[in-house]
Amino acid sequence: MSGKNGNAALTGLVAGAIAGAVARFAVALGFIHYVSHWGGKWWNGSTAMWPAALVSALIGAGVGGVAGATCRPVAGAVLGALLSAATCFFAFLVPAQLMIGLSHPGGFDHVETAEVLYGFVAMALAGGVAGFIGATIGRRAKRRD
């Protein structure tokens with residue numbers, strides 16, 4: 001990445017990575033805190049929520065960085081939301097639904113299914129916001145050069 005476009009993309013990448021890490025960490029921590037108050041055999045409020053939130057922040061840094069490097073705010077927001085939603089779906093939503101289905105008699109017809117989907121939507125929004133912020137900062141850096 002050299003020249004005017006490379007510097008702007010790098011600026012967008014860094015800004016998006018920071019925004020993505022902060023946004024996904026906050027969403028993950030808030031959701032894990034909420035879920036830890038459900039009780040039951042799966043959710044007991046253990047200290048495992050910190051590493052899980054940090055893993056989410058690392059994923060958010062990658063998602064926000066890739067989306068922010070576009071230097072196009074709308075494209076960055078869409079790409080960030082899609083990447084964040086995809087990682088959340090495959091890394092969290094599917095396993096969580098399986099745990100809910102296995103831990104409750106009667107399967108998936110419980111309110112927890114809706115609660116997990118709310119967390120999924122929040123993660124998609126976090127990626128979209130991070131991509132938008134990173135791409136906007138990258139675009140401003142491109143115009144400044």
# chains A, B, ... in the order shown; residues from 1 in each chain; ligands from 1

call {"tool": "residues_around", "arguments": {"residues": "range 21-33 of chain A", "least_positions_apart": "6", "cutoff": "9 Å", "atoms": "only C-alpha atoms", "output": "MDAnalysis selection string"}}
result
chainID A and resid 43 45 49:50 52:64 84 116 119 122:123 126:127 129:130

call {"tool": "write_last_selection", "arguments": {"atoms": "N, CA, C and O atoms", "output": "CSV table (one decimal), in the first residue's frame"}}
result
chain,number,residue,atom,x,y,z
A,43,TRP,N,-25.4,-21.4,31.2
A,43,TRP,CA,-25.1,-20.0,31.5
A,43,TRP,C,-25.0,-19.8,33.0
A,43,TRP,O,-25.9,-19.7,33.7
A,45,GLY,N,-22.6,-17.3,34.3
A,45,GLY,CA,-21.9,-16.1,34.7
A,45,GLY,C,-20.4,-16.3,35.0
A,45,GLY,O,-19.9,-15.5,35.8
A,49,MET,N,-16.5,-15.2,30.2
A,49,MET,CA,-17.1,-14.2,29.3
A,49,MET,C,-16.0,-13.2,28.8
A,49,MET,O,-16.1,-12.7,27.8
A,50,TRP,N,-14.9,-13.0,29.6
A,50,TRP,CA,-13.9,-12.1,29.2
A,50,TRP,C,-13.1,-12.7,28.0
A,50,TRP,O,-12.9,-11.9,27.0
A,52,ALA,N,-14.2,-14.7,25.8
A,52,ALA,CA,-15.1,-14.8,24.7
A,52,ALA,C,-15.3,-13.4,24.1
A,52,ALA,O,-15.4,-13.2,22.9
A,53,ALA,N,-15.4,-12.4,24.9
A,53,ALA,CA,-15.5,-11.0,24.4
A,53,ALA,C,-14.2,-10.5,23.7
A,53,ALA,O,-14.3,-9.8,22.7
A,54,LEU,N,-13.1,-11.0,24.2
A,54,LEU,CA,-11.8,-10.6,23.5
A,54,LEU,C,-11.7,-11.3,22.2
A,54,LEU,O,-11.2,-10.7,21.2
A,55,VAL,N,-12.2,-12.5,22.1
A,55,VAL,CA,-12.2,-13.2,20.8
A,55,VAL,C,-13.1,-12.4,19.8
A,55,VAL,O,-12.8,-12.2,18.6
A,56,SER,N,-14.2,-12.0,20.3
A,56,SER,CA,-15.2,-11.2,19.5
A,56,SER,C,-14.5,-9.9,19.0
A,56,SER,O,-14.7,-9.5,17.9
A,57,ALA,N,-13.7,-9.3,20.0
A,57,ALA,CA,-13.0,-8.1,19.6
A,57,ALA,C,-12.0,-8.3,18.5
A,57,ALA,O,-11.8,-7.5,17.6
A,58,LEU,N,-11.3,-9.4,18.6
A,58,LEU,CA,-10.3,-9.7,17.6
A,58,LEU,C,-11.0,-9.9,16.2
A,58,LEU,O,-10.5,-9.5,15.2
A,59,ILE,N,-12.1,-10.6,16.2
A,59,ILE,CA,-12.9,-10.8,15.0
A,59,ILE,C,-13.3,-9.4,14.5
A,59,ILE,O,-13.3,-9.1,13.3
A,60,GLY,N,-13.8,-8.6,15.4
A,60,GLY,CA,-14.2,-7.2,15.0
A,60,GLY,C,-13.1,-6.4,14.4
A,60,GLY,O,-13.4,-5.6,13.5
A,61,ALA,N,-11.9,-6.6,14.9
A,61,ALA,CA,-10.8,-5.8,14.4
A,61,ALA,C,-10.5,-6.2,12.9
A,61,ALA,O,-10.3,-5.4,12.1
A,62,GLY,N,-10.6,-7.5,12.7
A,62,GLY,CA,-10.4,-8.0,11.3
A,62,GLY,C,-11.6,-7.5,10.4
A,62,GLY,O,-11.3,-7.0,9.3
A,63,VAL,N,-12.8,-7.6,10.8
A,63,VAL,CA,-13.9,-7.2,10.1
A,63,VAL,C,-13.9,-5.7,9.8
A,63,VAL,O,-14.1,-5.3,8.7
A,64,GLY,N,-13.7,-4.9,10.8
A,64,GLY,CA,-13.7,-3.5,10.7
A,64,GLY,C,-12.5,-3.0,9.8
A,64,GLY,O,-12.6,-2.1,9.0
A,84,SER,N,-19.5,-9.3,9.7
A,84,SER,CA,-19.7,-9.5,11.1
A,84,SER,C,-20.9,-10.5,11.3
A,84,SER,O,-20.8,-11.3,12.2
A,116,VAL,N,-31.1,-14.8,21.3
A,116,VAL,CA,-29.9,-15.1,20.5
A,116,VAL,C,-29.9,-14.3,19.2
A,116,VAL,O,-28.9,-13.7,18.8
A,119,GLY,N,-28.9,-10.7,19.7
A,119,GLY,CA,-27.4,-10.6,19.7
A,119,GLY,C,-26.8,-10.6,18.3
A,119,GLY,O,-25.9,-9.9,18.0
A,122,ALA,N,-27.3,-7.3,16.7
A,122,ALA,CA,-26.4,-6.3,17.3
A,122,ALA,C,-25.0,-6.5,16.7
A,122,ALA,O,-24.3,-5.5,16.5
A,123,MET,N,-24.6,-7.7,16.5
A,123,MET,CA,-23.2,-7.9,16.0
A,123,MET,C,-23.2,-7.4,14.5
A,123,MET,O,-22.2,-6.9,14.1
A,126,ALA,N,-22.9,-3.7,14.7
A,126,ALA,CA,-21.5,-3.3,15.1
A,126,ALA,C,-20.6,-3.4,14.0
A,126,ALA,O,-19.7,-2.5,13.8
A,127,GLY,N,-20.6,-4.4,13.2
A,127,GLY,CA,-19.7,-4.5,12.0
A,127,GLY,C,-20.0,-3.4,11.0
A,127,GLY,O,-19.1,-2.9,10.4
A,129,VAL,N,-21.4,-0.4,11.6
A,129,VAL,CA,-20.9,0.9,12.1
A,129,VAL,C,-19.4,1.0,12.0
A,129,VAL,O,-18.9,2.0,11.6
A,130,ALA,N,-18.7,-0.1,12.4
A,130,ALA,CA,-17.2,-0.1,12.3
A,130,ALA,C,-16.8,0.1,10.9
A,130,ALA,O,-15.8,0.9,10.6

call {"tool": "closest_residue", "arguments": {"among": "A:Ala9, A:Ala17, A:Val66, A:Leu125", "to": "Cys88 in chain A", "atoms": "only C-alpha atoms"}}
result
A:Leu125

call {"tool": "residues_around", "arguments": {"residues": "Ala67 in chain A", "least_positions_apart": "5", "cutoff": "12 Å", "atoms": "only C-alpha atoms", "output": "PyMOL selection string"}}
result
chain A and resi 9-20+60-62+72-84+126-138

call {"tool": "atom_distance", "arguments": {"atom1": "CA of Arg139 in chain A", "atom2": "CA of Phe89 in chain A"}}
result
29.7 Å

call {"tool": "atom_distance", "arguments": {"atom1": "CA of Ala91 in chain A", "atom2": "CA of Cys71 in chain A"}}
result
27.5 Å

call {"tool": "decode", "arguments": {"residues": "range 58-72 of chain A", "atoms": "all heavy atoms", "output": "PDB file, in the first residue's frame"}}
result
ATOM      1  N   LEU A  58     -11.295  -9.410  18.602  1.00  0.00           N
ATOM      2  CA  LEU A  58     -10.313  -9.732  17.567  1.00  0.00           C
ATOM      3  C   LEU A  58     -10.991  -9.939  16.217  1.00  0.00           C
ATOM      4  O   LEU A  58     -10.485  -9.472  15.178  1.00  0.00           O
ATOM      5  CB  LEU A  58      -9.512 -10.971  17.953  1.00  0.00           C
ATOM      6  CG  LEU A  58      -8.509 -10.792  19.078  1.00  0.00           C
ATOM      7  CD1 LEU A  58      -7.909 -12.130  19.477  1.00  0.00           C
ATOM      8  CD2 LEU A  58      -7.413  -9.819  18.664  1.00  0.00           C
ATOM      9  N   ILE A  59     -12.110 -10.628  16.217  1.00  0.00           N
ATOM     10  CA  ILE A  59     -12.867 -10.796  14.980  1.00  0.00           C
ATOM     11  C   ILE A  59     -13.334  -9.434  14.471  1.00  0.00           C
ATOM     12  O   ILE A  59     -13.262  -9.136  13.279  1.00  0.00           O
ATOM     13  CB  ILE A  59     -14.057 -11.751  15.188  1.00  0.00           C
ATOM     14  CG1 ILE A  59     -13.555 -13.167  15.480  1.00  0.00           C
ATOM     15  CG2 ILE A  59     -14.991 -11.742  13.984  1.00  0.00           C
ATOM     16  CD1 ILE A  59     -14.631 -14.115  15.950  1.00  0.00           C
ATOM     17  N   GLY A  60     -13.788  -8.595  15.382  1.00  0.00           N
ATOM     18  CA  GLY A  60     -14.235  -7.250  15.010  1.00  0.00           C
ATOM     19  C   GLY A  60     -13.129  -6.402  14.431  1.00  0.00           C
ATOM     20  O   GLY A  60     -13.359  -5.605  13.518  1.00  0.00           O
ATOM     21  N   ALA A  61     -11.910  -6.576  14.930  1.00  0.00           N
ATOM     22  CA  ALA A  61     -10.779  -5.829  14.376  1.00  0.00           C
ATOM     23  C   ALA A  61     -10.537  -6.232  12.923  1.00  0.00           C
ATOM     24  O   ALA A  61     -10.302  -5.376  12.060  1.00  0.00           O
ATOM     25  CB  ALA A  61      -9.528  -6.058  15.219  1.00  0.00           C
ATOM     26  N   GLY A  62     -10.611  -7.511  12.652  1.00  0.00           N
ATOM     27  CA  GLY A  62     -10.441  -7.965  11.269  1.00  0.00           C
ATOM     28  C   GLY A  62     -11.557  -7.497  10.361  1.00  0.00           C
ATOM     29  O   GLY A  62     -11.325  -7.013   9.252  1.00  0.00           O
ATOM     30  N   VAL A  63     -12.781  -7.632  10.836  1.00  0.00           N
ATOM     31  CA  VAL A  63     -13.941  -7.218  10.052  1.00  0.00           C
ATOM     32  C   VAL A  63     -13.905  -5.712   9.789  1.00  0.00           C
ATOM     33  O   VAL A  63     -14.065  -5.260   8.654  1.00  0.00           O
ATOM     34  CB  VAL A  63     -15.250  -7.619  10.781  1.00  0.00           C
ATOM     35  CG1 VAL A  63     -16.456  -6.910  10.197  1.00  0.00           C
ATOM     36  CG2 VAL A  63     -15.437  -9.120  10.740  1.00  0.00           C
ATOM     37  N   GLY A  64     -13.697  -4.932  10.839  1.00  0.00           N
ATOM     38  CA  GLY A  64     -13.663  -3.476  10.684  1.00  0.00           C
ATOM     39  C   GLY A  64     -12.502  -3.021   9.820  1.00  0.00           C
ATOM     40  O   GLY A  64     -12.623  -2.076   9.042  1.00  0.00           O
ATOM     41  N   GLY A  65     -11.365  -3.700   9.940  1.00  0.00           N
ATOM     42  CA  GLY A  65     -10.207  -3.349   9.123  1.00  0.00           C
ATOM     43  C   GLY A  65     -10.448  -3.581   7.647  1.00  0.00           C
ATOM     44  O   GLY A  65     -10.167  -2.724   6.808  1.00  0.00           O
ATOM     45  N   VAL A  66     -10.994  -4.736   7.315  1.00  0.00           N
ATOM     46  CA  VAL A  66     -11.281  -5.041   5.908  1.00  0.00           C
ATOM     47  C   VAL A  66     -12.323  -4.069   5.361  1.00  0.00           C
ATOM     48  O   VAL A  66     -12.168  -3.527   4.255  1.00  0.00           O
ATOM     49  CB  VAL A  66     -11.762  -6.504   5.761  1.00  0.00           C
ATOM     50  CG1 VAL A  66     -12.332  -6.762   4.386  1.00  0.00           C
ATOM     51  CG2 VAL A  66     -10.626  -7.467   6.050  1.00  0.00           C
ATOM     52  N   ALA A  67     -13.370  -3.831   6.114  1.00  0.00           N
ATOM     53  CA  ALA A  67     -14.424  -2.927   5.652  1.00  0.00           C
ATOM     54  C   ALA A  67     -13.943  -1.483   5.585  1.00  0.00           C
ATOM     55  O   ALA A  67     -14.290  -0.747   4.663  1.00  0.00           O
ATOM     56  CB  ALA A  67     -15.640  -3.037   6.566  1.00  0.00           C
ATOM     57  N   GLY A  68     -13.129  -1.080   6.538  1.00  0.00           N
ATOM     58  CA  GLY A  68     -12.633   0.290   6.546  1.00  0.00           C
ATOM     59  C   GLY A  68     -11.646   0.585   5.428  1.00  0.00           C
ATOM     60  O   GLY A  68     -11.535   1.713   4.952  1.00  0.00           O
ATOM     61  N   ALA A  69     -10.936  -0.435   4.969  1.00  0.00           N
ATOM     62  CA  ALA A  69      -9.947  -0.251   3.910  1.00  0.00           C
ATOM     63  C   ALA A  69     -10.583   0.062   2.563  1.00  0.00           C
ATOM     64  O   ALA A  69      -9.884   0.477   1.636  1.00  0.00           O
ATOM     65  CB  ALA A  69      -9.062  -1.492   3.795  1.00  0.00           C
ATOM     66  N   THR A  70     -11.895  -0.095   2.443  1.00  0.00           N
ATOM     67  CA  THR A  70     -12.559   0.225   1.176  1.00  0.00           C
ATOM     68  C   THR A  70     -12.551   1.720   0.890  1.00  0.00           C
ATOM     69  O   THR A  70     -12.616   2.116  -0.266  1.00  0.00           O
ATOM     70  CB  THR A  70     -14.016  -0.267   1.166  1.00  0.00           C
ATOM     71  OG1 THR A  70     -14.751   0.433   2.173  1.00  0.00           O
ATOM     72  CG2 THR A  70     -14.107  -1.760   1.378  1.00  0.00           C
ATOM     73  N   CYS A  71     -12.506   2.532   1.921  1.00  0.00           N
ATOM     74  CA  CYS A  71     -12.562   4.003   1.815  1.00  0.00           C
ATOM     75  C   CYS A  71     -13.852   4.473   1.147  1.00  0.00           C
ATOM     76  O   CYS A  71     -13.898   5.575   0.605  1.00  0.00           O
ATOM     77  CB  CYS A  71     -11.347   4.557   1.073  1.00  0.00           C
ATOM     78  SG  CYS A  71      -9.804   4.267   1.931  1.00  0.00           S
ATOM     79  N   ARG A  72     -14.859   3.654   1.170  1.00  0.00           N
ATOM     80  CA  ARG A  72     -16.184   4.006   0.646  1.00  0.00           C
ATOM     81  C   ARG A  72     -17.190   3.700   1.746  1.00  0.00           C
ATOM     82  O   ARG A  72     -17.449   2.529   2.033  1.00  0.00           O
ATOM     83  CB  ARG A  72     -16.473   3.215  -0.629  1.00  0.00           C
ATOM     84  CG  ARG A  72     -15.516   3.589  -1.735  1.00  0.00           C
ATOM     85  CD  ARG A  72     -15.623   2.760  -2.995  1.00  0.00           C
ATOM     86  NE  ARG A  72     -16.923   2.166  -3.234  1.00  0.00           N
ATOM     87  CZ  ARG A  72     -17.095   1.048  -3.923  1.00  0.00           C
ATOM     88  NH1 ARG A  72     -16.057   0.414  -4.418  1.00  0.00           N
ATOM     89  NH2 ARG A  72     -18.295   0.560  -4.118  1.00  0.00           N
TER      90      ARG A  72
END
